[in-house]
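This report concerns only the one structure given below.
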Amino acid sequence: MVEYLQSLTPDLNTWLMFTSALFALGIYGMLSRRNAVGVLLSLELCLNAGAVNFALFNRFWSPVQVDGAVMSLFVIAIAAAEVVVAMAIFVALFGYRRTVDVTQLNLVRE
Amino acid sequence: MPDLSFILSHAWLIPALPLASFLLVGLVLRPLHKPLAGAVATAAVFAAAGLSWWLAFDYLHLPKTAGGALPVLVPTSVEWLRFQEGLSVHLGTLLDPISVMLLVVVTTVSALVHLYSTGYLHGEDGYGRYFTFLNLFTFSMLGLVLAPNLVQMYVCWELVGASSFFLIGYYYDRPSAVSASKKAFIVTRFADLGFLLGILVLGYYAFTIHAGMGAAAAGQQALDFAFLTRPDVLSQLQALQGQFLGIGTLTLAAVLIYTGGAGKSAMFPLHIWLPDAMEGPTPVSALIHAATMVVAGVYLVARSFPIFAASAEALQVVMVVGAFTSLFAATIGCTQDDIKRVLAFSTLSQLGYMMFALGVASYEHPLGYTASMFHLFTHAFFKALLFLGAGSVIHAVHTNNIWQMGGLRKYMPITHGLFLLATLAIAGIPPLAGFFSKDEILAAALHSGHTVVFGVGLLVAGMTAFYMFRIYFVTFWGERRLSHLHHQDDHSHDDHSHADPHESPAVMWIPMAVLGLLTIGAGFVPIPEWVRLVPLDGKLPEAHHGVDLAVAIPGTLAGVIGIALAWFFYAGDPQRANSAVLKLGRFYAVIKAKFYFDEIYLFVTKSIIFRLIAGPIAWFDRMVVDGLVNATGWVTRLGGTAVNASQTGQVQTYGSWLMSGVVLAVVVLWATTRQ
Amino acid sequence: MVGQAVANVLFYLIVAVSLWLAWSVVSSRRILRAAVALMGVLGASAGLYLLLGFPFLAGVQVLVYVGGIVVLLVFAVMLTRSQELLEDHPSDLRHKVAVLAGGAFFGVHLWALRGMPSARAPRVSLPASDTEMLGRALLSTGADGYALPFEVVSLILLAAMIGGIVIARKTQPGQAATTEPVHPLAADAALTAAGSAEQLAESAPAPVSPPVREAAHG
Amino acid sequence: MGLASWLILIPFLTALAVLAVPTRRSDLIRWVALVGTAAHLALTSYTTWAFWQEASPDLVAVRTETVSRVYLVERVPWFESLGIDYLVGVDGVSMSMVILTSIIIFTGVLASWNVVHRTKEFFTLLLVLVTGVFGVFLSFDLFLFFMFYEVAVLPMYLLIGVWGTGRKEYSAMKLTLMLMVGSALILVGFLAMYHANGSTTFDLTKLAQAHFETGLQRWVFPLIFIGFGILGAMYPFHTWSPDGHASAPTAVSMLHAGVLMKLGGYGALRIGVYLLPEGAQYWGLFFMAVTTINIVYGSLGAITQKDLKYFTAYSSVSHCGFVLFGVATLNLMGLKGAVLQMFSHGVMTGLFFALIGMVYGRTHTRIIPEMGGLGKVMPWLAACFYIGGMASLGLPGLAGFIAESHIFLGGFFGNSWTNPILSRTLTVLATLSIVVTAVYVLRGLATVFQGPVRDPHHAELTDATLTERLSTGILVATLVVTGMVPGLLIDLIEGTLFPIVNRLQATGMAIPGHS
């Protein structure tokens, strides 16, 4: 049993399959959500998948260094900045338009 | 030329005086002080006239050339416009017999007209403007007369045209004057196009010859008259092989240049502007449209006579058009009611005379050349006198229509006497000026073998006497018919309009009297002695002397018959004239309507040029050319709209495209990197 | 040995939970619920970091991502007190397109991974803690140091903070056109805004700043 | 920094100074602009003198040279790797164009004295535009040339779109788009020359020494000529000009018709004919034909126009046709005539648009049949209009004649590689326009200024103010002086044209099959 479980140690492709599934779900969410906050949440999924990938490659390809992890940190920081601005925009937008439905927000076209 | 007297070497002073006065009056005095403006302008031209007489005196006392002719001088020549090496335009003065003669005529008549105008236009609004342009005209005319090359001629040619335009349109709030001035300018402009093309053609060949001559042409420019009339140049020009539509190059150039002259001198069919030009003040008509500017065309042909002489066809054209115009205008002149228009048609007719005189001239029979210049000389004085007399009458009675005048000899004795004098002169009655010159012309036509032209000339002489005496009798004889006057005259002060007409002030009749003296004396000036066609070899033959009785008697007879007819129809019972008119019927109406030439021109300009060419072009430009531009814009926009449909403005649509792009990129990447 | 087995079990567990939570992030009708699910996903990812041997990273993930960002999201959503903001109803077409796009992405990935030689985690002696190494890497100015990006990130965070404050600042409807609208929609939107700004704008700036500062120090 | 750079810089500095003035002080803004442009005029005069000092000793030598000399040169390497320099200098043609521009902008500022709407922005843009124009005229590096060219074209969009009248947005858009198409063609041409030349340089003086192969010249020349021709209102690409002129405010019309359209002729001559002599020879007759259409068509188009500005714009189409016609004749007189025509038409049309602005400011109409008898009411403006009109129909003694006579002679004389019958026929057709011009000029002027006063309100109007008299007076004086003493200008430009003609002649000899 233990051996079997040990033999299940995930290889890189398994990890990547997982993160790309996470990313694909994020894409699905981004494209299907009408609520801007929902889009943002899905975006966070993608970002997170990316951050995990950085750590992943770090571990599998150059385990004695931490460059990937540093990148993950940066991703987290950027995500923070992005969320702040995005939420501020949503709040302001809601104030003006009473909606954050992205299907209604097509003024760029006019 | 160190031995020239002061005035000969400084001939440029003569045109410079009116120019200076033009600038002074136009820029400074005109708005400040009107009487002073008139005085300065007049004084300047009088000074120029004095200088011209001085110059003429000195010139005639110059030693003659080996061939016995008066010398041709170019004392001043300053480079003005450098087209190309060998094709520069030098402003300068050219003194030869005809230019000196015309110099005297122009300055004298101009000075007298200036003086006359100070009285005629006294107190009018445009007084200063009038003298400004009159000065400009005098300057340009003098420049034209003295021009040593074709381009200076053309330049001054245009300037006299422009000043004529402004002077015809002097009463610029009168629509008729405005349209007359436009007409004059545009018609002459059209003719000048021919002149310009002539310069281009001649300039090209002359330049080629000039370039080929090398040092032989040093110091001369291709368009200088001195160069163009050199025998060697002429022979090269004549030898040109170039043909255009079957016309020899030289003929083409000559005819084109003649077109310019024909426009200015109002030859048929470009004559239509001159009668209308009478809308200008009468002194203007006297100076510009009788004595000086209109003879510029004749002068141009005379000036470039060697070129014409080298082309028999060109001279033929000059002769035929001149003779026809002469007859044509005389015919119309018999029917007009406006005193100035009759004079205008008489001017046309006399210009035709001068032209055909040139046309019959040649190196074998050079008399026509002399005669033409002689007639130009005498005609200037008596025609100016006629116009000034007419102006004096109009000034007094405030109408142009001869049928509203009558019996004026009682009220205006001086004017009457002078007018009669001039009328006799133009009718060719000896010993007045017109007799001699007309005689010369007829003699030239006869002796050169152009019998038909001689006949036409004789006929025209008779008609001239007839219509001139027609207006003379109607205006000055008979009963007074001016109790109810129309104020359609050409000046505004009408303080005497309801009183009896009275003699004009001294400032007006004195110039007329001077012209009267000249009318008497001009015939005795030995112009035929001085002005002669110098053969190419420079040797003058014996001069033609005295009066040829075979010509003088029929000529005078024609005049007398004309006067008698006029007396018969117009001096006595007016019914005679009326019944004659009734008999002539439609024929008379057609002549009176000037053969409908104005209507034809109007039709061509209004209906053909404006409606059929300019209008459609404007439409074409807006609709088709601009339409194509707009269509390009529209198609682009359409394309944009089509693409725009994919731009929903929705984040997620873009996201979908992005994703499909990513997927596609990966697939492509994979497909292309796969081994 | 047993540790490895436990780790493997944990890995699959976390993956399963992550995917399930992620699914509910993208599919839940209620935004609040989705936000909480996201919190779960991010927490699970922290676990993955641990499994990969990055305890510091895991900590940061929990503190900043889960604790900061998501909480900010939840706050913002809740503070607007809008029913509309909490709901989501994806349309059918949209749903299909999204499935297609996500599926295609996933498919392409799987396809790409299929032919790729996989790697197992190398057996090397890991350093006791990644904290020290991360610290050195972030603050060293050498050839392999990240001092400059680190500072740039700080600047970005600062800018984001200021931007967030400015954007969400209270704006009177009438003022919208004159005080420079930061958002391109603002000018047009001013007409339809009709006094709605007050209620949400009061609350907006407050939660903006703390996580930012926190993240900056993270 | 040398004179040429200062000539470019002064308008720009003035623009900055205008920007620095508080918006409310519109009077101060005008004065700053006026002082700046006056200073420029003064500097231009000085530069002309300095240029003449340097250039006049060479006048004999250049008669046989094939590379024209540039004076007061300043060269600063800019993008060395791309062969782009900041290279400015002066030669006769550019000097005359700088004089023209300097006069026009000075009088243009005077004529815009009454602009009240966004005065500051107006003058700033105007001055920026002029900076571009001076840059074009003074730069001898194609890249720099192109850059300034765009600087000159783009502010026009705003100036017409914001301060214009009538269908201003449409006109501004059309103008900008069409000119951009022209720029695109020019750019392609420039790049082709840049790459064809082995040393890859944009330096005009160096490119002039390079020889481009015949095939290249033949396809690049039309690009350059048409590209510049669009700006020079070449048929059928002229339609931006009537709309643009009609919609633009006074000073902009002045600058545009007076100066900017000259960039077309200038570029076609300086770059097209100079650098690509064989291409020019190949295409010369074709472009003579096209521009003959321009000349005749423009003047006929003007006859029926009702709006004074459209009227003038069509006459500009005709007159700018003369410029390009002169360039296409490819001989000394034609080229000289082209430059003279650029100058004289610039002054003339500047005068026209200034006057139209002034008349419009009083009568509030530009429709010709609605006016009449204004000569009595505003004699000064009428007199200036008449002088301008007379210059426009080529009256000797005014600038127009000098130019046109050169062009006609040039066209008629033709050159050794062109069929003389064709080129002469075209010239004769072109000369027809002087009659048509007389017709429309006199009709227009007579209707507006002569006859009885048509509208009783117009009888109350006033004549020109002092600033207006100054601005129109300067332009009229320029027309008269140029017409009376043409030698001044001819001496200035001839030295630059000899080498261009010599090049043409040298290659003309080399073409087989031509006598």
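In the structure tokens, each chain is lettered A, B, ... as it comes, each chain's residues begin at 1, and ligands are numbered from 1 in order of appearance.
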
inquiry  = Please identify all residues of chain C having at least one atom at most 10 Å from any atom of chain B, considering only C-alpha atoms, and return them as a PyMOL selection string.
reply    = chain C and resi 94+97-98+100-102+104-109+111-112

Could you turn the residues from that selection into a file that holds all heavy atoms, as a compact mmCIF listing (two decimals), in the first residue's frame?
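That gives us part10.txt:
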```txt
# COMPACT_ATOMS: atom_id res chain seq x y z
N ARG C 94 -22.55 32.37 -23.97
CA ARG C 94 -21.36 32.71 -23.24
C ARG C 94 -20.76 31.47 -22.58
O ARG C 94 -19.55 31.24 -22.63
CB ARG C 94 -21.82 33.68 -22.15
CG ARG C 94 -20.81 34.53 -21.50
CD ARG C 94 -21.54 35.58 -20.75
NE ARG C 94 -21.95 36.65 -21.64
CZ ARG C 94 -21.13 37.55 -22.07
NH1 ARG C 94 -19.88 37.52 -21.70
NH2 ARG C 94 -21.53 38.48 -22.89
N VAL C 97 -19.15 29.28 -25.30
CA VAL C 97 -17.88 29.83 -25.76
C VAL C 97 -16.80 29.60 -24.72
O VAL C 97 -15.68 29.19 -25.02
CB VAL C 97 -18.03 31.34 -26.06
CG1 VAL C 97 -16.68 31.97 -26.31
CG2 VAL C 97 -18.94 31.55 -27.25
N ALA C 98 -17.18 29.85 -23.46
CA ALA C 98 -16.20 29.72 -22.38
C ALA C 98 -15.74 28.28 -22.25
O ALA C 98 -14.54 28.02 -22.11
CB ALA C 98 -16.82 30.22 -21.09
N LEU C 100 -15.72 26.08 -24.55
CA LEU C 100 -14.89 25.81 -25.71
C LEU C 100 -13.48 26.34 -25.51
O LEU C 100 -12.49 25.63 -25.74
CB LEU C 100 -15.53 26.47 -26.94
CG LEU C 100 -15.23 25.82 -28.29
CD1 LEU C 100 -15.80 24.42 -28.31
CD2 LEU C 100 -15.81 26.69 -29.39
N ALA C 101 -13.40 27.60 -25.07
CA ALA C 101 -12.09 28.22 -24.92
C ALA C 101 -11.28 27.52 -23.85
O ALA C 101 -10.12 27.13 -24.05
CB ALA C 101 -12.26 29.71 -24.59
N GLY C 102 -11.91 27.32 -22.70
CA GLY C 102 -11.19 26.65 -21.61
C GLY C 102 -10.79 25.25 -22.00
O GLY C 102 -9.65 24.82 -21.80
N ALA C 104 -10.41 24.05 -25.02
CA ALA C 104 -9.38 24.06 -26.04
C ALA C 104 -8.02 24.30 -25.41
O ALA C 104 -7.04 23.64 -25.74
CB ALA C 104 -9.68 25.16 -27.07
N PHE C 105 -8.00 25.23 -24.48
CA PHE C 105 -6.75 25.53 -23.81
C PHE C 105 -6.20 24.30 -23.11
O PHE C 105 -5.04 23.91 -23.23
CB PHE C 105 -6.98 26.66 -22.81
CG PHE C 105 -5.75 27.04 -22.05
CD1 PHE C 105 -4.85 27.97 -22.59
CD2 PHE C 105 -5.46 26.48 -20.82
CE1 PHE C 105 -3.71 28.31 -21.89
CE2 PHE C 105 -4.32 26.82 -20.13
CZ PHE C 105 -3.45 27.74 -20.67
N PHE C 106 -7.10 23.67 -22.39
CA PHE C 106 -6.70 22.50 -21.63
C PHE C 106 -6.27 21.38 -22.57
O PHE C 106 -5.24 20.74 -22.38
CB PHE C 106 -7.88 22.04 -20.75
CG PHE C 106 -7.50 21.01 -19.74
CD1 PHE C 106 -6.48 21.26 -18.83
CD2 PHE C 106 -8.15 19.78 -19.71
CE1 PHE C 106 -6.13 20.30 -17.90
CE2 PHE C 106 -7.79 18.82 -18.77
CZ PHE C 106 -6.78 19.08 -17.86
N GLY C 107 -7.05 21.22 -23.65
CA GLY C 107 -6.73 20.19 -24.61
C GLY C 107 -5.35 20.40 -25.23
O GLY C 107 -4.52 19.49 -25.30
N VAL C 108 -5.11 21.64 -25.63
CA VAL C 108 -3.82 21.95 -26.23
C VAL C 108 -2.70 21.64 -25.26
O VAL C 108 -1.66 21.07 -25.62
CB VAL C 108 -3.79 23.42 -26.68
CG1 VAL C 108 -2.37 23.86 -26.96
CG2 VAL C 108 -4.65 23.60 -27.90
N HIS C 109 -2.95 22.02 -24.01
CA HIS C 109 -1.93 21.76 -23.00
C HIS C 109 -1.65 20.29 -22.84
O HIS C 109 -0.50 19.85 -22.80
CB HIS C 109 -2.38 22.38 -21.67
CG HIS C 109 -1.68 23.66 -21.40
ND1 HIS C 109 -0.82 23.85 -20.34
CD2 HIS C 109 -1.70 24.84 -22.07
CE1 HIS C 109 -0.36 25.07 -20.38
NE2 HIS C 109 -0.88 25.70 -21.40
N TRP C 111 -2.21 17.95 -24.90
CA TRP C 111 -1.60 17.49 -26.13
C TRP C 111 -0.10 17.77 -26.09
O TRP C 111 0.75 16.96 -26.42
CB TRP C 111 -2.26 18.20 -27.31
CG TRP C 111 -1.95 17.64 -28.64
CD1 TRP C 111 -1.39 16.44 -28.91
CD2 TRP C 111 -2.19 18.28 -29.88
NE1 TRP C 111 -1.26 16.26 -30.24
CE2 TRP C 111 -1.76 17.38 -30.88
CE3 TRP C 111 -2.75 19.50 -30.26
CZ2 TRP C 111 -1.86 17.70 -32.23
CZ3 TRP C 111 -2.84 19.79 -31.58
CH2 TRP C 111 -2.40 18.89 -32.57
N ALA C 112 0.21 19.00 -25.66
CA ALA C 112 1.62 19.39 -25.60
C ALA C 112 2.36 18.55 -24.57
O ALA C 112 3.49 18.12 -24.79
CB ALA C 112 1.73 20.87 -25.28
```

Surrounding residues of Val2 in chain A excluding itself and chain neighbours under 5 positions, 12 Å, only C-alpha atoms, as a ChimeraX atom specification = /A:7-9 /C:1-9

Put those residues in a file: all heavy atoms, as a compact mmCIF listing (two decimals), in the first residue's frame.
```txt
# COMPACT_ATOMS: atom_id res chain seq x y z
N SER A 7 4.74 5.04 -5.13
CA SER A 7 4.94 5.02 -6.59
C SER A 7 4.05 6.07 -7.28
O SER A 7 4.24 6.40 -8.44
CB SER A 7 4.62 3.64 -7.17
OG SER A 7 3.23 3.43 -7.13
N LEU A 8 3.09 6.55 -6.54
CA LEU A 8 2.21 7.55 -7.14
C LEU A 8 2.80 8.97 -7.13
O LEU A 8 2.15 9.92 -7.52
CB LEU A 8 0.87 7.58 -6.40
CG LEU A 8 -0.09 6.44 -6.75
CD1 LEU A 8 -1.37 6.59 -5.95
CD2 LEU A 8 -0.38 6.40 -8.22
N THR A 9 4.04 9.06 -6.62
CA THR A 9 4.66 10.39 -6.54
C THR A 9 4.46 11.12 -7.86
O THR A 9 4.84 10.62 -8.92
CB THR A 9 6.17 10.27 -6.28
OG1 THR A 9 6.35 9.52 -5.10
CG2 THR A 9 6.81 11.66 -6.16
N MET C 1 9.95 7.57 3.93
CA MET C 1 9.21 6.72 2.98
C MET C 1 7.73 6.91 3.17
O MET C 1 7.01 7.20 2.23
CB MET C 1 9.57 5.21 3.26
CG MET C 1 10.95 4.87 2.71
SD MET C 1 11.08 5.22 0.93
CE MET C 1 12.31 6.44 0.95
N VAL C 2 7.35 6.76 4.41
CA VAL C 2 5.93 6.96 4.68
C VAL C 2 5.56 8.42 4.38
O VAL C 2 4.51 8.72 3.84
CB VAL C 2 5.60 6.61 6.16
CG1 VAL C 2 4.14 6.88 6.44
CG2 VAL C 2 5.96 5.17 6.42
N GLY C 3 6.53 9.26 4.72
CA GLY C 3 6.30 10.69 4.44
C GLY C 3 5.96 10.92 2.99
O GLY C 3 5.05 11.68 2.66
N GLN C 4 6.70 10.22 2.17
CA GLN C 4 6.44 10.38 0.73
C GLN C 4 5.02 9.94 0.37
O GLN C 4 4.31 10.61 -0.38
CB GLN C 4 7.46 9.56 -0.08
CG GLN C 4 7.38 9.78 -1.57
CD GLN C 4 7.61 11.23 -1.94
OE1 GLN C 4 8.57 11.83 -1.43
NE2 GLN C 4 6.73 11.79 -2.75
N ALA C 5 4.66 8.82 0.97
CA ALA C 5 3.31 8.31 0.68
C ALA C 5 2.27 9.28 1.17
O ALA C 5 1.31 9.62 0.44
CB ALA C 5 3.12 6.96 1.37
N VAL C 6 2.48 9.82 2.35
CA VAL C 6 1.51 10.79 2.89
C VAL C 6 1.44 11.99 1.96
O VAL C 6 0.37 12.51 1.63
CB VAL C 6 1.90 11.22 4.33
CG1 VAL C 6 1.04 12.38 4.78
CG2 VAL C 6 1.78 10.05 5.27
N ALA C 7 2.66 12.42 1.56
CA ALA C 7 2.70 13.59 0.68
C ALA C 7 1.92 13.31 -0.59
O ALA C 7 1.17 14.17 -1.08
CB ALA C 7 4.15 13.93 0.34
N ASN C 8 2.10 12.11 -1.14
CA ASN C 8 1.37 11.79 -2.36
C ASN C 8 -0.12 11.85 -2.14
O ASN C 8 -0.87 12.43 -2.93
CB ASN C 8 1.76 10.40 -2.86
CG ASN C 8 3.18 10.41 -3.42
OD1 ASN C 8 3.78 11.50 -3.51
ND2 ASN C 8 3.70 9.26 -3.75
N VAL C 9 -0.55 11.22 -1.05
CA VAL C 9 -1.98 11.24 -0.75
C VAL C 9 -2.46 12.68 -0.63
O VAL C 9 -3.47 13.10 -1.22
CB VAL C 9 -2.27 10.46 0.55
CG1 VAL C 9 -3.72 10.67 0.96
CG2 VAL C 9 -1.97 9.00 0.33
```

inquiry  = Excluding Val109 in chain D and its own-chain neighbours fewer than 2 positions away, which residues fall within 9 Å of it when counting only C-alpha atoms? Please give them as a list of chain:residue names.
reply    = D:Arg30, D:Ala33, D:Leu34, D:Thr37, D:Ile104, D:Ile105, D:Phe106, D:Thr107, D:Ala111, D:Ser112, D:Trp113, D:Phe123, D:Leu126, D:Ala251, D:Ser471

Could you give me, as CSV, a per-residue list for chain A showing, wherever an atom lies at most 6 Å from an atom of chain C, the closest pair of atoms and their distance in Å to one decimal, using only C-alpha atoms and sorting by chain then residue number from low to high?
```
residue,atom,partner,partner_atom,distance
A:Val2,CA,C:Ala5,CA,5.9
A:Leu5,CA,C:Ala5,CA,5.0
A:Gln6,CA,C:Ala5,CA,4.6
A:Thr9,CA,C:Asn8,CA,5.5
A:Asp11,CA,C:Arg120,CA,4.6
A:Leu12,CA,C:Ala119,CA,5.2
A:Asn13,CA,C:Ser118,CA,5.6
A:Ala24,CA,C:Gly102,CA,4.5
A:Ile27,CA,C:Gly102,CA,5.3
A:Tyr28,CA,C:Ala98,CA,4.6
A:Gly29,CA,C:Val26,CA,4.5
A:Leu31,CA,C:Ala98,CA,5.0
A:Ser32,CA,C:His95,CA,5.1
A:Arg33,CA,C:Pro90,CA,5.6
A:Arg34,CA,C:Pro90,CA,5.9
A:Asn35,CA,C:Asp88,CA,5.8
A:Phe60,CA,C:Ala121,CA,5.2
A:Ala77,CA,C:Ala215,CA,5.9
A:Ala80,CA,C:Ile69,CA,5.9
A:Ala81,CA,C:Leu157,CA,5.3
A:Val84,CA,C:Gly164,CA,5.9
A:Val85,CA,C:Gly164,CA,4.8
A:Ala88,CA,C:Ala168,CA,4.9
A:Ala92,CA,C:Ala168,CA,5.1
A:Gly95,CA,C:Ala197,CA,4.4
A:Tyr96,CA,C:Ala193,CA,4.0
A:Arg97,CA,C:Ala193,CA,5.7
```

request  = Pick out the chain D residues within 8 Å of chain B. Count only C-alpha atoms. Give them as a PyMOL selection string.
outcome  = chain D and resi 236+239+297+300-305+332-333+373+395-397+402+406+408-409+412-413+428+431-432+434-435+438-439+442-443+446+450-453+485-487+490

request  = From a DSSP calculation on the backbone, collect every residue of chain A in alpha helix (DSSP H) and output the set as number ranges by chain.
outcome  = A: 2-7, 12-32, 36-61, 67-97

query = So how far away is CA of Lys309 in chain D from CA of Ala172 in chain D, in Å?
reply =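 Going from CA of Ala172 in chain D over to CA of Lys309 in chain D covers 15.4 Å.
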
Contacts of Ala192 in chain D at 12 Å (only C-alpha atoms; same-chain gap of 4+ positions) as a PyMOL selection string = chain D and resi 142+185-188+196-198+200-202+207+212-213+215-221+223-224+276

Emit the selected residues as an mmCIF file, in the first residue's frame, including C-alpha atoms.
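Output contents, as saved in again-v7.cif:
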```cif
data_model
loop_
_atom_site.group_PDB
_atom_site.id
_atom_site.type_symbol
_atom_site.label_atom_id
_atom_site.label_comp_id
_atom_site.auth_asym_id
_atom_site.auth_seq_id
_atom_site.Cartn_x
_atom_site.Cartn_y
_atom_site.Cartn_z
ATOM 1 C CA LEU D 142 15.349 63.728 -45.933
ATOM 2 C CA LEU D 185 3.938 58.133 -51.119
ATOM 3 C CA ILE D 186 6.775 60.489 -50.307
ATOM 4 C CA LEU D 187 7.968 58.277 -47.502
ATOM 5 C CA VAL D 188 8.040 55.274 -49.760
ATOM 6 C CA ALA D 196 19.050 52.153 -53.142
ATOM 7 C CA ASN D 197 21.921 54.283 -52.138
ATOM 8 C CA GLY D 198 24.609 51.924 -50.904
ATOM 9 C CA THR D 200 22.265 54.384 -46.615
ATOM 10 C CA THR D 201 22.063 58.040 -45.861
ATOM 11 C CA PHE D 202 19.261 60.547 -45.756
ATOM 12 C CA LEU D 207 22.263 61.621 -52.130
ATOM 13 C CA PHE D 212 20.366 55.944 -58.808
ATOM 14 C CA GLU D 213 19.792 53.430 -61.486
ATOM 15 C CA GLY D 215 14.744 51.796 -63.332
ATOM 16 C CA LEU D 216 14.574 53.008 -59.766
ATOM 17 C CA GLN D 217 14.365 56.622 -60.806
ATOM 18 C CA ARG D 218 11.481 55.850 -63.086
ATOM 19 C CA TRP D 219 9.283 54.395 -60.439
ATOM 20 C CA VAL D 220 10.345 56.577 -57.538
ATOM 21 C CA PHE D 221 9.943 59.882 -59.348
ATOM 22 C CA LEU D 223 5.789 58.669 -56.201
ATOM 23 C CA ILE D 224 7.652 61.755 -55.095
ATOM 24 C CA LEU D 276 15.985 61.802 -59.806
#
```

Which residue of B:Met213, B:Ala645, B:Val342, B:Ile520 approaches chain A most closely, using only C-alpha atoms = B:Ala645

ask   = Rounded to one decimal in Å, what is the spacing between CA of Ser311 in chain B and CA of Phe227 in chain B?
value =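 Between CA of Ser311 in chain B and CA of Phe227 in chain B the gap is 17.4 Å.
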
message = Please return, as a list in words, all residues of range 36-229 of chain B that DSSP assigns to strand (DSSP E) on the basis of the backbone.
response =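 Selecting the strand (DSSP E) positions of range 36-229 of chain B gives Leu73, Val74, Pro75, Thr76, Ser77, Val78, Glu79, Trp80, Leu81, Arg82, Ser88, Val89, His90, Leu91, Gly92, Thr93, Leu94 and Leu95 of chain B.
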